[in-house]
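K.L.:
Just data_38.tsv, nothing more (TSV, C-alpha atoms):
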chain	number	residue	atom	x	y	z
R	18	ASP	CA	-14.63	6.47	46.14
R	19	ALA	CA	-14.15	7.62	42.62
R	20	GLY	CA	-15.69	5.29	40.05
R	21	ILE	CA	-17.82	3.08	42.34
R	22	THR	CA	-21.33	3.91	43.46
R	23	GLN	CA	-23.40	1.75	45.76
R	24	SER	CA	-27.13	2.12	46.14
R	25	PRO	CA	-28.99	2.47	48.33
R	26	ARG	CA	-26.70	3.79	51.05
R	27	HIS	CA	-29.10	2.77	53.79
R	28	LYS	CA	-32.03	0.38	53.80
R	29	VAL	CA	-34.36	-1.07	56.41
R	30	THR	CA	-36.39	-4.06	55.34
R	31	GLU	CA	-38.57	-6.70	56.90
R	32	THR	CA	-37.69	-10.34	57.38
R	33	GLY	CA	-38.72	-12.45	54.40
R	34	THR	CA	-38.70	-9.67	51.83
R	35	PRO	CA	-36.39	-9.66	48.80
R	36	VAL	CA	-33.68	-7.01	48.65
R	37	THR	CA	-31.34	-6.00	45.84
R	38	LEU	CA	-28.23	-3.92	46.31
R	39	ARG	CA	-26.54	-2.29	43.36
R	40	CYS	CA	-22.92	-1.60	42.61
R	41	HIS	CA	-22.08	0.59	39.63
R	42	GLN	CA	-18.55	1.26	38.38
R	43	THR	CA	-17.27	3.58	35.69
R	44	GLU	CA	-13.72	2.17	35.47
R	45	ASN	CA	-14.50	-0.73	33.10
R	46	HIS	CA	-12.87	-3.17	35.52
R	47	ARG	CA	-13.47	-6.82	34.79
R	48	TYR	CA	-13.41	-8.08	38.38
R	49	MET	CA	-16.01	-7.08	40.95
R	50	TYR	CA	-16.70	-8.26	44.50
R	51	TRP	CA	-19.33	-8.14	47.22
R	52	TYR	CA	-18.25	-8.23	50.88
R	53	ARG	CA	-20.11	-7.95	54.14
R	54	GLN	CA	-18.64	-6.32	57.22
R	55	ASP	CA	-19.65	-7.43	60.69
R	56	PRO	CA	-18.13	-6.64	64.10
R	57	GLY	CA	-15.58	-9.26	65.08
R	58	HIS	CA	-15.41	-10.70	61.56
R	59	GLY	CA	-13.78	-8.06	59.44
R	60	LEU	CA	-14.87	-8.24	55.82
R	61	ARG	CA	-15.93	-11.52	54.28
R	62	LEU	CA	-16.37	-12.26	50.60
R	63	ILE	CA	-19.91	-13.11	49.50
R	64	HIS	CA	-19.68	-13.44	45.71
R	65	TYR	CA	-17.42	-12.18	42.99
R	66	SER	CA	-17.50	-11.74	39.23
R	67	TYR	CA	-14.75	-12.06	36.65
R	68	GLY	CA	-16.79	-10.80	33.73
R	69	VAL	CA	-20.27	-10.38	32.36
R	70	LYS	CA	-22.38	-13.36	33.40
R	71	ASP	CA	-19.36	-14.99	35.08
R	72	THR	CA	-19.70	-15.20	38.83
R	73	ASP	CA	-18.48	-17.40	41.66
R	74	LYS	CA	-19.22	-17.98	45.32
R	75	GLY	CA	-17.18	-16.59	48.16
R	76	GLU	CA	-16.83	-17.57	51.80
R	77	VAL	CA	-20.35	-16.60	52.94
R	78	SER	CA	-22.58	-17.02	49.87
R	79	ASP	CA	-25.55	-18.84	51.44
R	80	GLY	CA	-28.73	-16.77	51.15
R	81	TYR	CA	-27.28	-14.47	48.48
R	82	SER	CA	-27.30	-14.43	44.70
R	83	VAL	CA	-25.64	-12.08	42.23
R	84	SER	CA	-26.01	-11.03	38.64
R	85	ARG	CA	-23.82	-9.18	36.20
R	86	SER	CA	-25.45	-8.43	32.88
R	87	LYS	CA	-23.21	-5.44	32.11
R	88	THR	CA	-19.57	-4.74	32.93
R	89	GLU	CA	-20.49	-1.72	35.00
R	90	ASP	CA	-23.21	-3.22	37.20
R	91	PHE	CA	-22.99	-5.97	39.82
R	92	LEU	CA	-26.18	-6.73	41.73
R	93	LEU	CA	-26.46	-8.54	45.06
R	94	THR	CA	-29.84	-10.06	45.92
R	95	LEU	CA	-31.12	-11.39	49.19
R	96	GLU	CA	-34.01	-13.56	48.06
R	97	SER	CA	-35.63	-13.64	51.49
R	98	ALA	CA	-33.91	-11.39	53.98
R	99	THR	CA	-33.13	-12.64	57.49
R	100	SER	CA	-31.97	-10.79	60.58
R	101	SER	CA	-28.55	-12.47	60.26
R	102	GLN	CA	-28.08	-10.55	57.03
R	103	THR	CA	-28.15	-7.22	58.85
R	104	SER	CA	-24.73	-5.88	57.94
R	105	VAL	CA	-22.77	-3.31	56.01
R	106	TYR	CA	-22.20	-4.41	52.43
R	107	PHE	CA	-19.23	-3.24	50.36
R	108	CYS	CA	-18.62	-3.57	46.69
R	109	ALA	CA	-15.11	-3.55	45.26
R	110	THR	CA	-13.38	-3.69	41.89
R	111	LEU	CA	-9.92	-4.86	40.91
R	112	ASP	CA	-7.64	-2.93	38.61
R	113	ARG	CA	-5.34	-5.73	37.50
R	114	GLU	CA	-2.89	-3.43	35.76
R	115	LYS	CA	-2.24	-1.42	38.91
R	116	TYR	CA	-3.02	-4.40	41.13
R	117	GLY	CA	-5.32	-2.35	43.28
R	118	TYR	CA	-8.74	-2.92	44.78
R	119	THR	CA	-11.12	0.02	45.15
R	120	PHE	CA	-14.07	-0.07	47.52
R	121	GLY	CA	-17.42	1.66	47.40
R	122	SER	CA	-18.80	3.62	50.33
R	123	GLY	CA	-21.01	0.76	51.51
R	124	THR	CA	-24.70	-0.01	52.04
R	125	ARG	CA	-25.99	-0.35	55.59
R	126	LEU	CA	-28.78	-2.93	55.55
R	127	THR	CA	-31.00	-3.57	58.55
R	128	VAL	CA	-33.42	-6.50	58.52
R	129	VAL	CA	-36.14	-6.21	61.17
W	23	GLY	CA	-7.25	-21.86	52.80
W	24	ASN	CA	-5.95	-18.37	53.29
W	25	SER	CA	-6.24	-16.58	56.60
W	26	VAL	CA	-5.07	-13.37	58.25
W	27	THR	CA	-4.62	-12.80	61.97
W	28	GLN	CA	-4.23	-9.37	63.50
W	29	MET	CA	-4.55	-7.88	66.96
W	30	GLU	CA	-8.12	-6.68	67.41
W	31	GLY	CA	-7.78	-3.99	70.04
W	32	PRO	CA	-8.94	-1.44	70.67
W	33	VAL	CA	-5.42	-0.09	70.78
W	34	THR	CA	-5.21	3.21	72.61
W	35	LEU	CA	-2.12	5.41	72.29
W	36	SER	CA	-1.15	8.95	73.07
W	37	GLU	CA	-0.36	11.39	70.28
W	38	GLU	CA	3.23	11.09	69.00
W	39	ALA	CA	3.58	7.52	70.29
W	40	PHE	CA	5.09	4.73	68.20
W	41	LEU	CA	2.57	2.40	66.60
W	42	THR	CA	2.84	-1.28	65.76
W	43	ILE	CA	-0.11	-3.38	64.65
W	44	ASN	CA	0.81	-7.01	64.18
W	45	CYS	CA	-0.40	-9.04	61.22
W	46	THR	CA	0.44	-12.63	60.34
W	47	TYR	CA	-0.93	-14.71	57.53
W	48	THR	CA	-1.38	-18.22	56.22
W	49	ALA	CA	-1.43	-18.74	52.48
W	50	THR	CA	-0.27	-21.05	49.76
W	51	GLY	CA	2.13	-19.70	47.21
W	52	TYR	CA	3.19	-16.08	47.19
W	53	PRO	CA	0.35	-13.78	48.18
W	54	SER	CA	0.28	-10.02	47.98
W	55	LEU	CA	-0.28	-8.18	51.24
W	56	PHE	CA	-2.26	-5.04	51.98
W	57	TRP	CA	-3.20	-2.65	54.75
W	58	TYR	CA	-6.51	-0.84	54.47
W	59	VAL	CA	-7.84	1.92	56.71
W	60	GLN	CA	-11.48	2.70	57.49
W	61	TYR	CA	-12.44	6.02	59.04
W	62	PRO	CA	-15.76	6.25	60.90
W	63	GLY	CA	-18.74	5.98	58.56
W	64	GLU	CA	-16.60	5.52	55.47
W	65	GLY	CA	-15.46	2.77	53.14
W	66	LEU	CA	-12.02	1.20	52.98
W	67	GLN	CA	-9.02	3.04	51.63
W	68	LEU	CA	-5.79	1.37	50.59
W	69	LEU	CA	-3.01	2.46	52.92
W	70	LEU	CA	-0.12	0.45	51.50
W	71	LYS	CA	0.73	-2.84	49.85
W	72	ALA	CA	3.60	-5.21	49.08
W	73	THR	CA	3.58	-7.81	46.36
W	74	LYS	CA	6.71	-9.87	47.07
W	75	ALA	CA	8.95	-10.91	49.92
W	76	ASP	CA	11.10	-8.18	51.49
W	77	ASP	CA	9.13	-5.44	49.78
W	78	LYS	CA	8.33	-2.47	51.99
W	79	GLY	CA	5.09	-0.62	51.47
W	80	SER	CA	4.83	2.94	52.76
W	81	ASN	CA	2.34	5.79	52.75
W	82	LYS	CA	1.51	8.77	55.00
W	83	GLY	CA	4.26	7.83	57.46
W	84	PHE	CA	3.06	4.22	57.77
W	85	GLU	CA	5.30	1.33	56.78
W	86	ALA	CA	5.06	-2.45	56.56
W	87	THR	CA	7.58	-5.03	55.33
W	88	TYR	CA	6.60	-8.32	53.73
W	89	ARG	CA	8.42	-10.98	55.79
W	90	LYS	CA	8.00	-14.37	54.21
W	91	GLU	CA	10.15	-16.17	56.77
W	92	THR	CA	7.83	-15.10	59.60
W	93	THR	CA	4.68	-14.80	57.41
W	94	SER	CA	4.13	-11.31	58.76
W	95	PHE	CA	3.26	-7.82	57.55
W	96	HIS	CA	3.30	-5.62	60.64
W	97	LEU	CA	2.15	-2.02	60.32
W	98	GLU	CA	4.30	0.69	61.94
W	99	LYS	CA	4.30	4.45	62.31
W	100	GLY	CA	6.85	6.47	64.20
W	101	SER	CA	4.58	9.20	65.57
W	102	VAL	CA	0.82	8.87	65.47
W	103	GLN	CA	-1.66	11.72	65.31
W	104	VAL	CA	-5.26	12.02	66.50
W	105	SER	CA	-6.29	11.93	62.84
W	106	ASP	CA	-4.89	8.38	62.58
W	107	SER	CA	-7.75	7.11	64.74
W	108	ALA	CA	-9.52	4.53	62.58
W	109	VAL	CA	-9.91	0.80	62.00
W	110	TYR	CA	-6.99	-0.87	60.21
W	111	PHE	CA	-7.36	-4.07	58.21
W	112	CYS	CA	-4.61	-6.40	57.10
W	113	ALA	CA	-5.48	-8.40	53.98
W	114	LEU	CA	-3.98	-10.72	51.41
W	115	SER	CA	-4.73	-11.87	47.90
W	116	ASP	CA	-3.43	-14.75	45.86
W	117	VAL	CA	-1.22	-14.13	42.84
W	118	GLY	CA	-3.15	-12.07	40.32
W	119	GLY	CA	-5.80	-11.09	42.83
W	120	ALA	CA	-8.79	-12.36	40.87
W	121	ASP	CA	-10.25	-14.30	43.78
W	122	GLY	CA	-10.46	-11.22	45.97
W	123	LEU	CA	-9.06	-10.30	49.36
W	124	THR	CA	-8.96	-12.25	52.61
W	125	PHE	CA	-9.16	-9.84	55.55
W	126	GLY	CA	-8.16	-9.90	59.17
W	127	LYS	CA	-10.79	-8.87	61.69
W	128	GLY	CA	-9.53	-5.31	61.95
W	129	THR	CA	-7.77	-3.31	64.66
W	130	HIS	CA	-9.50	-0.29	66.15
W	131	LEU	CA	-6.89	2.39	66.86
W	132	ILE	CA	-7.68	5.28	69.18
W	133	ILE	CA	-5.22	8.14	69.50
W	134	GLN	CA	-5.66	10.45	72.47
W	135	PRO	CA	-4.39	14.05	72.44
Take the structure in the file and give it back as structure tokens.

P.N.:
Amino acid sequence: DAGITQSPRHKVTETGTPVTLRCHQTENHRYMYWYRQDPGHGLRLIHYSYGVKDTDKGEVSDGYSVSRSKTEDFLLTLESATSSQTSVYFCATLDREKYGYTFGSGTRLTVV
Amino acid sequence: GNSVTQMEGPVTLSEEAFLTINCTYTATGYPSLFWYVQYPGEGLQLLLKATKADDKGSNKGFEATYRKETTSFHLEKGSVQVSDSAVYFCALSDVGGADGLTFGKGTHLIIQP
């Protein structure tokens, strides 16, 4: 998707290790979001940000933290990864003028 | 809180068949409603949206009408193609959208030639 880059695209990590996923946008959008996608659950909101250093919890925030030190970057950290955090993670931004959300291509995380 | 309910499928149709995917929602106030599509191995793409009651969103032959009286936003297409095979998500956001989207669980659509 134009303007949003997620990295890495794929990652395998061991239980108990810290993991950071990065979302980078070039659209200068104020609002950014992290979702996880799991079979049978659709997408669920983890954390979101409404500006630099302004973040809030979503529906499934336990075990996750986020940081936003620059408008363009929104980081999702799993402090100590667990197998239940194996999922596909999507970042999104909101263009409030057009009232449209744009999603990144996702990061597939496997915790073994 | 907000919630979205949609048929999960898989829904299997033959090419050129008529498609309906049901979506109902629960929300306070006047949410905006969306349909997103996800092709295998890809992210989500906005298919269509409606921001107020009785609005009809349309794109690529798909349509959905925001029905406040029945709290529904059913997706329809008159003649599906094999290339429409994907997972479809119904979603809503509160006014302004700052708090993000609430998604249904997704409907896997399979179109057979």

K.L.:
Which residues of chain W are close to chain R, meaning at most 6 Å apart when you count only C-alpha atoms, and how do they look as a PyMOL selection string?

P.N.:
chain W and resi 64-66+125-128

K.L.:
Residues near Leu68 in chain W, anyone? I mean within 7 Å using only C-alpha atoms, not counting same-chain ones fewer than 2 positions away, as a PyMOL selection string.

P.N.:
chain W and resi 57-59+66+70

K.L.:
So the first atom is CA of Ala75 in chain W and the second is CA of Glu91 in chain W; what is the distance between them in Å, to one decimal place?

P.N.:
8.7 Å

K.L.:
By how many Å are CA of Gln103 in chain W and CA of Glu37 in chain W apart?

P.N.:
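These atoms are spaced 5.1 Å apart.
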
K.L.:
Considering only C-alpha atoms, state which residue in the set R:Gln42, R:Ser104, R:Ser97, R:Arg53 is at the smallest distance from Arg85 in chain R.

P.N.:
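Selected residue with least distance to Arg85 in chain R: R:Gln42.
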
K.L.:
Rounded to one decimal place, report the CA of Gly51 in chain W-CA of Gly119 in chain W distance in Å.

P.N.:
12.5 Å

K.L.:
Restricting the calculation to all atoms listed in the file, which member of R:Thr34, R:Thr127, R:Ser82, R:Gln23 is positioned closest to Ser100 in chain R?

P.N.:
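Closest to Ser100 in chain R of all the choices is R:Thr127.
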